Structures are given as C-alpha cells and as structure tokens.
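**Student:** This one is structure-v9.csv, CSV, C-alpha atoms.
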```csv
chain,number,residue,atom,x,y,z
M,38,MET,CA,0.0,0.0,0.0
M,39,ARG,CA,1.3,3.4,-0.9
M,40,ILE,CA,2.0,5.9,1.8
M,41,ARG,CA,-0.4,8.4,0.3
M,42,ASP,CA,-3.3,5.9,0.3
M,43,LEU,CA,-2.3,4.9,3.9
M,44,LEU,CA,-2.5,8.5,5.1
M,45,TYR,CA,-5.8,9.1,3.3
M,46,GLU,CA,-7.5,6.1,4.9
M,47,THR,CA,-6.0,7.0,8.3
M,48,PHE,CA,-7.5,10.5,8.1
M,49,THR,CA,-10.8,9.2,7.0
M,50,ALA,CA,-11.0,6.7,9.8
M,51,ILE,CA,-10.1,9.3,12.5
M,52,SER,CA,-12.4,12.0,11.1
M,53,ALA,CA,-15.3,9.5,11.0
M,54,ASN,CA,-15.3,9.6,14.8
M,55,ARG,CA,-14.1,13.1,15.6
M,56,VAL,CA,-15.7,13.6,19.0
M,57,ARG,CA,-14.6,10.2,20.2
M,58,SER,CA,-11.1,10.8,18.9
M,59,LEU,CA,-10.8,14.2,20.6
M,60,LEU,CA,-12.1,12.8,23.9
M,61,THR,CA,-9.7,9.8,23.6
M,62,VAL,CA,-6.6,12.1,23.2
M,63,LEU,CA,-7.7,14.3,26.2
M,64,GLY,CA,-5.2,12.5,28.5
M,65,ILE,CA,-2.4,13.1,26.0
M,66,VAL,CA,-3.4,16.8,25.8
M,67,ILE,CA,-3.3,17.2,29.6
M,68,GLY,CA,0.0,15.3,29.9
M,69,ILE,CA,1.9,17.1,27.1
M,70,GLY,CA,0.4,20.4,28.2
M,71,ALA,CA,1.7,19.9,31.8
M,72,VAL,CA,5.2,19.1,30.5
M,73,ILE,CA,5.3,22.1,28.2
M,74,ALA,CA,3.8,24.5,30.8
M,75,ILE,CA,6.2,23.5,33.6
M,76,THR,CA,9.4,23.3,31.4
M,77,SER,CA,8.7,26.6,29.6
M,78,LEU,CA,8.0,28.3,32.9
M,79,ILE,CA,11.1,26.9,34.5
M,80,ASP,CA,13.2,27.9,31.5
M,81,GLY,CA,11.7,31.4,31.6
M,82,MET,CA,12.5,31.8,35.3
M,83,LYS,CA,16.1,30.6,34.7
M,84,MET,CA,16.5,33.1,31.8
M,85,GLN,CA,15.1,35.9,33.9
M,86,LEU,CA,17.5,35.1,36.8
M,87,VAL,CA,20.5,34.8,34.6
M,88,SER,CA,19.6,38.0,32.9
M,89,GLN,CA,19.3,39.8,36.2
M,90,LEU,CA,22.6,38.4,37.3
M,91,GLY,CA,24.3,39.7,34.2
M,92,LEU,CA,27.5,38.5,32.6
M,93,ASN,CA,29.7,40.4,35.1
M,94,MET,CA,28.1,38.6,38.0
M,95,SER,CA,29.3,35.3,36.7
M,96,ARG,CA,32.9,36.5,37.3
M,97,MET,CA,32.2,37.9,40.7
M,98,VAL,CA,33.5,36.1,43.9
M,99,SER,CA,32.1,37.1,47.2
M,100,ILE,CA,34.7,36.8,50.0
M,101,THR,CA,34.1,37.0,53.8
M,102,CYS,CA,37.3,36.9,55.9
M,103,TRP,CA,37.5,37.4,59.7
M,104,PRO,CA,41.2,37.0,60.7
M,105,PRO,CA,41.9,35.7,64.3
M,106,GLY,CA,41.2,38.4,66.8
M,107,ASN,CA,38.1,39.6,65.0
M,108,GLN,CA,39.7,42.6,63.3
M,109,PRO,CA,38.4,43.7,59.9
M,110,LEU,CA,40.7,43.8,56.9
M,111,ASP,CA,42.1,47.2,55.9
M,112,GLU,CA,43.1,48.8,52.6
M,113,ALA,CA,46.6,47.3,52.9
M,114,ASP,CA,45.2,43.8,53.3
M,115,ILE,CA,42.9,44.3,50.3
M,116,GLU,CA,45.7,45.6,48.2
M,117,LYS,CA,48.0,42.7,49.2
M,118,ILE,CA,45.3,40.1,48.5
M,119,GLY,CA,44.8,41.6,45.0
M,120,GLN,CA,48.5,41.5,44.3
M,121,ASP,CA,49.0,37.9,45.5
M,122,LEU,CA,46.0,36.7,43.6
M,123,ALA,CA,46.6,38.8,40.5
M,124,SER,CA,46.6,35.7,38.3
M,125,ASP,CA,43.0,35.0,39.3
M,126,TYR,CA,41.5,38.5,39.6
M,127,GLU,CA,41.4,41.7,37.7
M,128,PHE,CA,40.7,43.5,41.0
M,129,VAL,CA,39.8,42.9,44.6
M,130,THR,CA,37.8,45.6,46.5
M,131,GLY,CA,36.2,45.8,49.9
M,132,TYR,CA,32.8,47.2,50.9
M,133,THR,CA,30.7,47.7,54.0
M,134,TYR,CA,27.2,48.7,54.7
M,135,THR,CA,24.9,50.3,57.3
M,136,GLY,CA,21.4,51.7,57.7
M,137,SER,CA,20.2,55.2,58.3
M,138,PRO,CA,17.0,57.3,58.2
M,139,ALA,CA,16.8,59.4,55.1
M,140,SER,CA,14.6,62.2,53.8
M,141,SER,CA,14.0,64.4,50.7
M,142,THR,CA,11.9,67.5,50.2
M,143,THR,CA,8.9,65.3,49.7
M,144,ALA,CA,9.2,62.2,51.8
M,145,ASP,CA,11.0,60.4,54.7
M,146,VAL,CA,12.4,56.9,54.8
M,147,ASP,CA,12.8,55.2,58.2
M,148,MET,CA,15.7,53.0,57.1
M,149,LEU,CA,17.8,53.4,54.0
M,150,GLN,CA,20.3,50.6,53.5
M,151,VAL,CA,23.6,52.2,52.6
M,152,THR,CA,26.5,50.4,50.9
M,153,ALA,CA,29.9,52.1,51.3
M,154,CYS,CA,32.1,51.1,48.3
M,155,ARG,CA,34.5,52.1,45.6
M,156,PRO,CA,33.7,52.3,41.8
M,157,GLU,CA,35.1,48.8,41.3
M,158,TYR,CA,32.2,47.4,43.4
M,159,PHE,CA,29.8,48.5,40.7
M,160,THR,CA,31.8,46.7,38.0
M,161,GLY,CA,32.0,43.5,40.1
M,162,MET,CA,28.3,43.5,40.9
M,163,GLY,CA,27.3,44.4,37.3
M,164,ILE,CA,25.6,47.6,38.4
M,165,THR,CA,25.1,50.3,35.8
M,166,ALA,CA,23.5,53.7,36.0
M,167,GLU,CA,20.0,54.0,34.7
M,168,ARG,CA,20.0,57.7,35.0
M,169,GLY,CA,22.9,60.1,35.7
M,170,ARG,CA,26.2,58.4,36.6
M,171,LEU,CA,28.1,56.4,39.3
M,172,PHE,CA,30.6,58.1,41.5
M,173,SER,CA,34.3,58.2,40.4
M,174,ALA,CA,37.6,57.2,42.1
M,175,ASP,CA,38.3,60.9,42.7
M,176,GLU,CA,35.0,61.4,44.5
M,177,VAL,CA,36.0,58.5,46.7
M,178,GLU,CA,39.4,59.9,47.5
M,179,ASP,CA,38.0,63.4,48.1
M,180,GLY,CA,35.1,62.2,50.3
M,181,GLY,CA,32.5,63.6,47.9
M,182,MET,CA,29.0,64.3,49.3
M,183,VAL,CA,27.3,62.4,46.4
M,184,VAL,CA,25.0,59.4,46.5
M,185,VAL,CA,23.6,56.9,44.0
M,186,LEU,CA,20.1,55.7,44.7
M,187,GLY,CA,18.3,52.4,43.9
M,188,GLY,CA,14.9,52.3,42.3
M,189,SER,CA,13.0,51.7,45.5
M,190,SER,CA,14.8,54.6,47.1
M,191,VAL,CA,13.7,56.9,44.3
M,192,LYS,CA,10.1,55.7,44.7
M,193,ASN,CA,10.1,56.1,48.5
M,194,LEU,CA,11.9,59.5,48.6
M,195,PHE,CA,10.4,61.1,45.5
M,196,GLY,CA,7.0,59.4,45.1
M,197,SER,CA,7.6,57.5,41.9
M,198,PRO,CA,10.3,55.1,40.6
M,199,ASP,CA,10.2,57.3,37.4
M,200,ALA,CA,10.9,60.5,39.2
M,201,ASP,CA,13.9,62.5,38.0
M,202,ALA,CA,16.0,62.4,41.2
M,203,VAL,CA,19.4,63.2,39.6
M,204,GLY,CA,20.5,66.6,40.9
M,205,GLN,CA,18.1,66.5,43.9
M,206,THR,CA,19.4,66.6,47.5
M,207,VAL,CA,18.6,64.0,50.1
M,208,ARG,CA,19.5,63.9,53.8
M,209,ILE,CA,21.1,60.7,55.0
M,210,GLY,CA,21.8,60.8,58.7
M,211,ASN,CA,22.9,64.3,59.6
M,212,ASP,CA,24.3,65.2,56.2
M,213,ARG,CA,23.0,66.3,52.8
M,214,TYR,CA,24.1,64.5,49.6
M,215,THR,CA,23.6,65.3,45.9
M,216,VAL,CA,22.0,62.5,43.9
M,217,ILE,CA,24.3,61.9,40.9
M,218,GLY,CA,22.7,58.7,39.6
M,219,THR,CA,20.1,56.0,40.0
M,220,VAL,CA,20.4,52.2,39.4
M,221,ALA,CA,18.1,49.3,39.3
M,222,ASP,CA,17.5,47.5,42.6
M,223,ALA,CA,19.5,44.5,43.3
M,224,MET,CA,17.7,41.2,42.9
M,225,GLY,CA,15.6,40.4,46.0
M,226,TYR,CA,15.8,44.0,47.2
M,227,GLN,CA,12.9,45.5,45.4
M,228,ASP,CA,11.2,46.4,48.7
M,229,ASN,CA,14.3,47.8,50.4
M,230,PRO,CA,15.5,51.3,49.8
M,231,LEU,CA,19.1,51.1,48.8
M,232,ALA,CA,21.8,53.8,48.4
M,233,TYR,CA,25.5,53.8,47.5
M,234,LEU,CA,28.0,56.2,49.1
M,235,PRO,CA,31.8,56.6,48.5
M,236,THR,CA,33.5,54.5,51.1
M,237,THR,CA,35.5,57.4,52.6
M,238,THR,CA,32.3,59.5,52.9
M,239,ALA,CA,30.2,56.8,54.5
M,240,THR,CA,32.8,55.5,57.0
M,241,THR,CA,33.7,59.0,58.3
M,242,ARG,CA,30.3,60.6,58.3
M,243,LEU,CA,27.8,57.8,58.7
M,244,ILE,CA,29.4,54.6,60.0
M,245,GLY,CA,31.9,56.1,62.3
M,246,GLN,CA,34.7,53.6,61.7
M,247,GLN,CA,38.2,53.9,60.3
M,248,VAL,CA,38.3,54.4,56.6
M,249,GLY,CA,39.2,51.2,54.8
M,250,SER,CA,38.0,48.7,57.3
M,251,TYR,CA,36.1,45.9,55.6
M,252,TRP,CA,34.4,42.7,56.6
M,253,ASP,CA,33.3,41.9,53.1
M,254,ILE,CA,35.3,41.7,49.9
M,255,ILE,CA,34.5,41.0,46.2
M,256,GLY,CA,36.9,39.8,43.6
M,257,PHE,CA,36.4,40.2,39.9
M,258,ALA,CA,38.0,37.2,38.1
M,259,HIS,CA,39.7,37.3,34.8
M,260,GLU,CA,37.5,36.3,31.9
M,261,GLY,CA,37.4,32.6,31.1
M,262,MET,CA,38.6,31.5,34.5
M,263,ASP,CA,37.3,28.3,36.2
M,264,MET,CA,35.3,30.0,39.0
M,265,TYR,CA,35.4,26.9,41.2
M,266,ALA,CA,39.2,26.8,41.0
M,267,VAL,CA,39.4,30.6,41.7
M,268,ALA,CA,37.3,30.2,44.8
M,269,ALA,CA,39.4,27.2,46.0
M,270,ASP,CA,42.6,29.2,45.4
M,271,THR,CA,41.2,32.2,47.3
M,272,ASP,CA,40.0,30.1,50.2
M,273,SER,CA,43.4,28.3,50.5
M,274,TYR,CA,45.3,31.6,50.3
M,275,LEU,CA,43.3,33.4,53.0
M,276,ARG,CA,43.5,30.4,55.4
M,277,THR,CA,47.3,30.3,54.9
M,278,ARG,CA,47.9,34.0,55.1
M,279,TYR,CA,45.8,34.5,58.2
M,280,GLU,CA,46.4,31.1,59.8
M,281,ILE,CA,42.8,30.1,59.8
M,282,GLY,CA,41.8,26.5,60.2
M,283,GLU,CA,39.7,24.4,57.8
M,284,ALA,CA,36.0,25.2,57.5
M,285,ASP,CA,33.6,23.9,60.0
M,286,PRO,CA,31.7,21.0,58.2
M,287,ASN,CA,28.5,22.1,60.1
M,288,GLY,CA,28.7,25.5,58.5
M,289,GLY,CA,29.5,27.5,61.6
M,290,GLY,CA,32.3,29.8,62.4
M,291,ASN,CA,34.3,31.1,65.4
M,292,SER,CA,35.4,34.7,65.0
M,293,ASP,CA,38.1,34.3,67.6
M,294,GLU,CA,39.8,31.6,65.5
M,295,GLY,CA,39.0,33.3,62.2
M,296,PHE,CA,36.5,32.6,59.5
M,297,VAL,CA,36.6,32.4,55.7
M,298,ASP,CA,33.8,32.0,53.3
M,299,VAL,CA,34.2,32.2,49.5
M,300,ARG,CA,31.3,32.0,47.2
M,301,THR,CA,30.7,32.5,43.5
M,302,ALA,CA,27.7,33.4,41.4
M,303,GLN,CA,28.4,30.3,39.4
M,304,GLU,CA,27.5,28.2,42.5
M,305,ALA,CA,24.2,30.0,42.7
M,306,ILE,CA,23.5,29.3,39.0
M,307,ASP,CA,24.5,25.7,39.4
M,308,GLN,CA,22.2,25.3,42.5
M,309,LEU,CA,19.4,26.9,40.5
M,310,ASP,CA,19.9,24.4,37.8
M,311,GLN,CA,19.7,21.5,40.3
M,312,THR,CA,16.6,23.0,41.8
M,313,MET,CA,15.0,23.5,38.4
M,314,ALA,CA,15.9,20.0,37.4
M,315,SER,CA,14.1,18.6,40.5
M,316,PHE,CA,11.0,20.6,39.6
M,317,ARG,CA,11.2,19.4,36.0
M,318,MET,CA,11.5,15.8,37.1
M,319,LEU,CA,8.5,16.2,39.5
M,320,ALA,CA,6.5,17.7,36.7
M,321,LEU,CA,7.4,14.9,34.3
M,322,ALA,CA,6.4,12.3,37.0
M,323,VAL,CA,3.0,14.0,37.4
M,324,ALA,CA,2.5,14.3,33.6
M,325,SER,CA,3.5,10.7,33.1
M,326,VAL,CA,0.4,9.6,35.0
M,327,SER,CA,-1.8,11.5,32.6
M,328,LEU,CA,0.2,10.2,29.6
M,329,LEU,CA,-0.3,6.6,30.9
M,330,VAL,CA,-4.0,7.2,31.2
M,331,GLY,CA,-4.0,8.8,27.7
M,332,GLY,CA,-2.2,5.8,26.3
M,333,ILE,CA,-4.6,3.3,27.8
M,334,GLY,CA,-7.4,5.4,26.3
M,335,ILE,CA,-5.7,5.2,22.9
M,336,MET,CA,-5.4,1.4,23.2
M,337,ASN,CA,-9.1,1.1,24.2
M,338,MET,CA,-10.3,3.2,21.3
M,339,MET,CA,-8.1,1.3,18.8
M,340,LEU,CA,-9.4,-2.1,20.1
M,341,THR,CA,-12.9,-0.7,19.6
M,342,ASN,CA,-12.0,0.4,16.1
M,343,VAL,CA,-10.7,-3.1,15.3
M,344,THR,CA,-13.9,-4.7,16.6
M,345,GLU,CA,-16.1,-2.3,14.6
M,346,ARG,CA,-14.1,-2.7,11.4
M,347,ILE,CA,-13.7,-6.6,11.3
M,348,ARG,CA,-15.6,-6.9,8.1
M,349,GLU,CA,-13.6,-4.1,6.5
M,350,ILE,CA,-10.4,-5.8,7.5
M,351,GLY,CA,-11.6,-9.1,6.1
M,352,LEU,CA,-12.5,-7.5,2.8
M,353,ARG,CA,-9.1,-5.8,2.6
M,354,LYS,CA,-7.2,-9.0,3.2
M,355,ALA,CA,-9.5,-10.8,0.7
M,356,LEU,CA,-8.5,-8.3,-1.9
M,357,GLY,CA,-4.8,-8.8,-1.3
M,358,ALA,CA,-3.9,-6.6,1.7
M,359,ARG,CA,-1.0,-8.1,3.7
M,360,SER,CA,-0.9,-8.4,7.5
M,361,ALA,CA,1.9,-5.8,7.4
M,362,ASP,CA,-0.4,-3.4,5.6
M,363,VAL,CA,-3.1,-3.8,8.2
M,364,THR,CA,-0.6,-3.4,11.0
M,365,LYS,CA,0.8,-0.2,9.4
M,366,GLN,CA,-2.7,1.3,9.0
M,367,PHE,CA,-3.8,0.8,12.6
M,368,LEU,CA,-0.4,1.8,14.0
M,369,LEU,CA,-0.5,5.0,11.9
M,370,GLU,CA,-4.0,5.8,13.2
M,371,SER,CA,-2.7,5.4,16.8
M,372,VAL,CA,0.4,7.5,16.3
M,373,LEU,CA,-1.6,10.2,14.4
M,374,LEU,CA,-4.1,10.4,17.3
M,375,CYS,CA,-1.3,10.9,19.8
M,376,LEU,CA,0.3,13.6,17.6
M,377,VAL,CA,-3.0,15.5,17.3
M,378,GLY,CA,-3.2,15.3,21.1
M,379,GLY,CA,0.4,16.5,21.3
M,380,VAL,CA,-0.3,19.5,19.1
M,381,PHE,CA,-3.3,20.6,21.2
M,382,GLY,CA,-1.2,19.8,24.3
M,383,ILE,CA,1.7,22.1,23.2
M,384,ALA,CA,-0.7,24.9,22.5
M,385,ALA,CA,-2.5,24.4,25.8
M,386,GLY,CA,0.8,24.1,27.7
M,387,TYR,CA,2.1,27.4,26.2
M,388,GLY,CA,-1.1,29.2,27.2
M,389,GLY,CA,-1.0,27.6,30.7
M,390,ALA,CA,2.6,28.7,31.0
M,391,TRP,CA,1.7,32.3,30.5
M,392,ALA,CA,-1.1,32.0,33.1
M,393,LEU,CA,1.4,30.4,35.6
M,394,ALA,CA,4.0,33.1,34.7
M,395,GLY,CA,1.5,35.8,35.8
M,396,VAL,CA,1.0,34.1,39.1
M,397,ALA,CA,4.6,33.1,39.7
M,398,GLY,CA,5.9,36.5,38.6
M,399,GLY,CA,3.6,38.3,41.1
M,400,ALA,CA,4.6,35.9,43.9
M,401,LEU,CA,8.4,36.0,43.2
M,402,GLY,CA,8.6,39.7,42.2
M,403,TYR,CA,9.4,39.1,38.5
M,404,ASP,CA,7.8,41.9,36.5
M,405,ASN,CA,8.3,40.5,33.1
M,406,LEU,CA,8.5,36.7,33.5
M,407,VAL,CA,8.3,35.3,30.0
M,408,PRO,CA,7.9,31.5,29.6
M,409,ILE,CA,10.2,29.9,27.0
M,410,VAL,CA,9.1,27.0,24.9
M,411,SER,CA,12.4,25.5,23.7
M,412,PRO,CA,12.7,23.4,20.5
M,413,GLU,CA,14.1,20.6,22.7
M,414,ALA,CA,10.9,20.5,24.8
M,415,VAL,CA,8.7,20.4,21.6
M,416,ALA,CA,11.0,17.6,20.1
M,417,ILE,CA,10.7,15.6,23.4
M,418,ALA,CA,6.9,16.1,23.5
M,419,THR,CA,6.7,14.9,19.8
M,420,GLY,CA,8.8,11.9,20.6
M,421,ILE,CA,6.7,11.0,23.6
M,422,CYS,CA,3.6,11.2,21.4
M,423,VAL,CA,5.1,8.9,18.8
M,424,GLY,CA,6.3,6.5,21.5
M,425,ILE,CA,2.9,6.3,23.2
M,426,GLY,CA,1.2,5.8,19.8
M,427,VAL,CA,3.5,2.9,18.9
M,428,LEU,CA,3.4,1.3,22.4
M,429,PHE,CA,-0.3,1.4,22.9
M,430,GLY,CA,-1.3,0.9,19.3
M,431,TRP,CA,0.9,-2.1,18.7
M,432,TYR,CA,-1.4,-4.7,20.3
M,433,PRO,CA,-4.6,-3.5,18.5
M,434,ALA,CA,-2.8,-3.3,15.2
M,435,ARG,CA,-1.4,-6.9,15.5
M,436,ARG,CA,-4.8,-8.2,16.6
M,437,ALA,CA,-6.3,-6.7,13.5
M,438,ALA,CA,-3.5,-8.1,11.3
M,439,ARG,CA,-4.1,-11.6,12.6
M,440,LEU,CA,-7.8,-11.7,11.8
M,441,ASP,CA,-8.8,-14.5,9.4
M,442,PRO,CA,-10.3,-12.9,6.2
M,443,VAL,CA,-13.0,-15.6,5.8
M,444,GLU,CA,-14.1,-15.4,9.4
M,445,SER,CA,-14.0,-11.6,9.3
M,446,LEU,CA,-16.3,-11.5,6.3
M,447,ARG,CA,-18.8,-13.7,8.1
M,448,TYR,CA,-18.6,-11.5,11.2
M,449,GLN,CA,-22.0,-9.8,12.0
```
Starting from the coordinates I provided, produce the structure as structure tokens.
**Tutor:**
Amino acid sequence: MRIRDLLYETFTAISANRVRSLLTVLGIVIGIGAVIAITSLIDGMKMQLVSQLGLNMSRMVSITCWPPGNQPLDEADIEKIGQDLASDYEFVTGYTYTGSPASSTTADVDMLQVTACRPEYFTGMGITAERGRLFSADEVEDGGMVVVLGGSSVKNLFGSPDADAVGQTVRIGNDRYTVIGTVADAMGYQDNPLAYLPTTTATTRLIGQQVGSYWDIIGFAHEGMDMYAVAADTDSYLRTRYEIGEADPNGGGNSDEGFVDVRTAQEAIDQLDQTMASFRMLALAVASVSLLVGGIGIMNMMLTNVTERIREIGLRKALGARSADVTKQFLLESVLLCLVGGVFGIAAGYGGAWALAGVAGGALGYDNLVPIVSPEAVAIATGICVGIGVLFGWYPARRAARLDPVESLRYQ
C-alpha cells in the first residue's frame, strides 16, 4: 500500500469519529500540556534570573574573611590580596554597609540601606547607571557628598520610581548628599530602599569607623577563569595568610579563630539548575500519569475500532492486503491520534505557562516573566507522542492483522 493511500485512509478513519477521537486524546493533551507548561515556565525563570545576574556577576567572587582576633581587613590587606591573587582577579575591593534614616523634600524613609564602596564594586556587581552616573575614584578619595540611589529609594523618597532624582538633594543621617545617579534595585531588594556612598564619605560621616575597614570583599575574576578553581585558590590563600583552620563541616564559624567563606555566582546558578531539574522531574512524573491514562485510552479506542471494522479488515485482506499493511494502518492511526493530542497539548501548555507566569511573577517579584518553549521541549513532546502511539497501538494493530479474512467477512 502506498503511503499516500495509507495516510488518506487513516485521516478518513479518524475523522469519522471526531468527537470520540478528541475525547480519547484528552489524556495526551493534559500530559503534554503539563510538560510544556512547567518546562517553559522553569526555562523562563532561569533566563530571567541569569539576565538579572548579568555577565559580570558570573565573574564575581564574594569573600568574607575574619582574621583571628576579630579585626576587619584594611586597605593594605585588600591591596595585598589583590597583588598575590593577580593571576585570578582583575581587581579585589572591599565594601561595608549600614542603615540610616533618610529624607528628601517630599518624603522620609525610616531605614535606608547604605553600601559604602569604591567604583570597582559597581563593576564587580554588574551595576550600571539607569540615570545620571556612578561616582568616580576621585570622588571616593575626596570624600564627595554624592549618592547613587536604587529604584526603590527613588520611589520612597520622591514618590515614583520614574521621578527624576538626579541633581536633587537627600538627607542621610545628619548630612545632605547630591543624587548623581540611579540604578536598578539588586535582585531580591525591590522592597528595600538602597543607596551607595563613597566608602570614605560613608565611613567617616555615617558609620563612624576607620576608613578602609572591611568585613566583606568582592573579587572580579579574569574572563574565562574556572570559577570553582578561583574560589578554591582564594580560600586556601586566605587560610594560609591569616592562619585560619579548615571550614567547620557544620557551616558554623568562630570569630576568635578566624572565619573564611568564599562564594561565586556560578555556584548560585548551578544550584538553581539543580533545583529547576528537580521541579522538572517532578512535573514529568505527574505528567507521566496523565500520559499513561491517555495511552490506555488510545489502546481502548483502537481495540474498539478493530472490533467495529472486522468486516472491513476481512475485505481488505481478501482483496490482497497483507498483514503488514493492516498493522501499518492501525499503527499510523494510533500515532496520528497521539500527535494530534500533542499539538493541542503544546498549545494548551504554552497558554498555561503564560497564566502560571503571571501568578509566579507576582509571587516572586518578577515583573516580566516570559515562559520559553524550547525546541528541545517540543521535540521531546513529539517523541513522547510517537512512542505512546506505537506502544499502545501495537497490540490492537497486531490483533487486526491476525484476523482470518474468511471469518472476518462472516462477522456480523
């Protein structure tokens, strides 16, 4: 039998019972839809997170080092670390932070989270100015009375995140600062007003500690470095330099004996991948139940079709059709039914992913969470449909192929 004739007869057989066919593939639609919805939502969340982290963040190493005696590192320590680990890092810089009430001419903020840093901090954290500019190295050295505000700070101090705050004056603590730029809020800090001050200004006027005393450090690795190796080198170097013992396996730390913690953004991305993989496996497990039910429905319908078409099968075989032709015909019907269910499932899954994205985006604080239907997910869904069609259509097809033509023609 020619392929064209086989396809024509398959379409004719399926269209003869459209309603029953659509109801039969409902399980396939739900199963494939669930797979597409969950995987596209997870891929969209991952893309959103990686986009927020930015390329620079993948090269950033967060370093916490408490030498024995519980004394913060100073500028000389930071410079020495940068020199000794120059093969790993483009630069190493320290930062510290505090909180303070703040006010503008229009509103007050009870607690503004202030980060005292140098310009290198912005590069390492992937922070760029949305309006205005970031402060310069000269402004740090001169103790400039300038501030860079986060988006939530602009909203709280000037009434709207779109307000033009550049050039305005805000009071932080007992001093007034000129806003020279605004930046997007850091991930997870959309509800916390943030501000960035030159480290010399913040430590002398706001924090009240010696300039250049840091508990926290960031390193910006050279491009193309193995971030896990960089983190391991840094951890080993700091423990040797400051005579700090190995890390507590329980995750704790004793400040009297020193403490070192080195983390990379790559670890966060890898952990996210593992978490997303777990969610994906859970979704596939749930969807497989629906697919199993759908496959059983396909088999049941195909067995019914064989019973209803016994005389037709007998007539075909009497006219010369081989058992292989009958097998192909019923197998193709089964596979085609599953593929139709898969097409509806992909469409339903994509629509469901947008609905879930709206709910998840609101709950997680993602403003523009866009689900992503990858070609791999569509290819896998298509393969699953073909597999189910073959698996659950094989027995009905073979049963039809083994019918005796004489007995089939006598069947009432």
**Student:** Could you check the closest approach to Asp145 of chain M for each of M:Ala268, M:Met82, M:Ala221, M:Val207 and tell me which residue wins, using only C-alpha atoms?
**Tutor:** M:Val207
**Student:** Report, in Å with one decimal, the straight-line distance from atom CA of Ile421 of chain M to atom CA of Ile335 of chain M.
**Tutor:**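 Atom-to-atom, atom CA of Ile421 of chain M to atom CA of Ile335 of chain M, that is 13.7 Å.
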**Student:** Report, in Å to a single decimal, how far apart atom CA of Gly245 of chain M and atom CA of Asn211 of chain M are.
**Tutor:** 12.5 Å
**Student:** Env of Ala361 of chain M: 9 Å cut, atoms = only C-alpha atoms, seq-sep filter 4 positions within chain, self excluded. Answer as number ranges by chain.
**Tutor:** M: 365-366, 435, 438
**Student:** Compile the contact shell of Leu406 of chain M as an mmCIF file with C-alpha atoms, in the frame of the given file: residues with an atom at most 9 Å away, counting only C-alpha atoms, same-chain residues fewer than 4 positions apart removed.
**Tutor:**
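New file result30.cif:
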```
data_model
loop_
_atom_site.group_PDB
_atom_site.id
_atom_site.type_symbol
_atom_site.label_atom_id
_atom_site.label_comp_id
_atom_site.auth_asym_id
_atom_site.auth_seq_id
_atom_site.Cartn_x
_atom_site.Cartn_y
_atom_site.Cartn_z
ATOM 1 C CA LEU M 78 8.000 28.300 32.900
ATOM 2 C CA GLY M 81 11.700 31.400 31.600
ATOM 3 C CA MET M 82 12.500 31.800 35.300
ATOM 4 C CA MET M 84 16.500 33.100 31.800
ATOM 5 C CA GLN M 85 15.100 35.900 33.900
ATOM 6 C CA TRP M 391 1.700 32.300 30.500
ATOM 7 C CA ALA M 394 4.000 33.100 34.700
ATOM 8 C CA GLY M 395 1.500 35.800 35.800
ATOM 9 C CA ALA M 397 4.600 33.100 39.700
ATOM 10 C CA GLY M 398 5.900 36.500 38.600
#
```
**Student:** Need the shell around Arg242 of chain M: protein/DNA/RNA residues with any atom at most 10 Å away, counting all atoms listed in the file. Skip same-chain ones fewer than 5 positions apart. Format as a ChimeraX atom specification?
**Tutor:** /M:180,182,209-212,236-237
**Student:** In terms of the shortest atom-to-atom distance over only C-alpha atoms, which of M:Tyr274, M:Phe128, M:Tyr432, M:Tyr214 is closest to Glu116 of chain M?
**Tutor:**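 Among the listed residues, the smallest separation from Glu116 of chain M belongs to M:Phe128.
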**Student:** Have a look at atom CA of Leu309 of chain M and atom CA of Tyr158 of chain M and let me know their distance in Å, one decimal.
**Tutor:**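 So the answer is 24.3 Å.
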**Student:** Could you pull the residues within 10 Å of Thr206 of chain M, counting all atoms listed in the file, minus those fewer than 3 positions along the same chain, as a ChimeraX atom specification?
**Tutor:** /M:140-142,183-184,202-203,209,213-217
**Student:** Report as a PyMOL selection string all protein, DNA and RNA residues lying within 10 Å of Met148 of chain M, evaluated on all atoms listed in the file, omitting residues in the same chain fewer than 2 positions from it.
**Tutor:** chain M and resi 135-140+145-146+150-151+209+229-231
**Student:** Looking at all atoms listed in the file, which of M:Ala74, M:Ser250, M:Ala50, M:Val323 is the one that sits closest to Gln108 of chain M?
**Tutor:**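 Of all the options, M:Ser250 lies closest to Gln108 of chain M.
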**Student:** Could you pull out every residue with an atom within 9 Å of (6.2, 23.6, 34.6), file coordinates, counting only C-alpha atoms, and send them as a count of residues only?
**Tutor:** 17
**Student:** Between M:Pro104, M:Gly187, M:Gly256, M:Pro412, which has the minimum distance to Gly218 of chain M (counting only C-alpha atoms)?
**Tutor:**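 For Gly218 of chain M, the nearest of the candidates is M:Gly187.
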**Student:** Using only C-alpha atoms, give me every residue within 12 Å of (42.5, 43.3, 58.9) in file coordinates, as a PyMOL selection string.
**Tutor:** chain M and resi 101-118+131+247+249-254+275+278-279+295
**Student:** When distances are computed from all atoms listed in the file, which of M:Ala437, M:Val191, M:Ile383, M:Val372 shows the smallest separation from Phe48 of chain M?
**Tutor:**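 With all atoms listed in the file as the atom set, the closest residue is M:Val372.
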**Student:** Given the choices M:Arg447, M:Leu328, M:Leu369, M:Ile409, which gets closest to Val66 of chain M if the distance is worked out from only C-alpha atoms?
**Tutor:**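 Result for the nearest residue to Val66 of chain M: M:Leu328.
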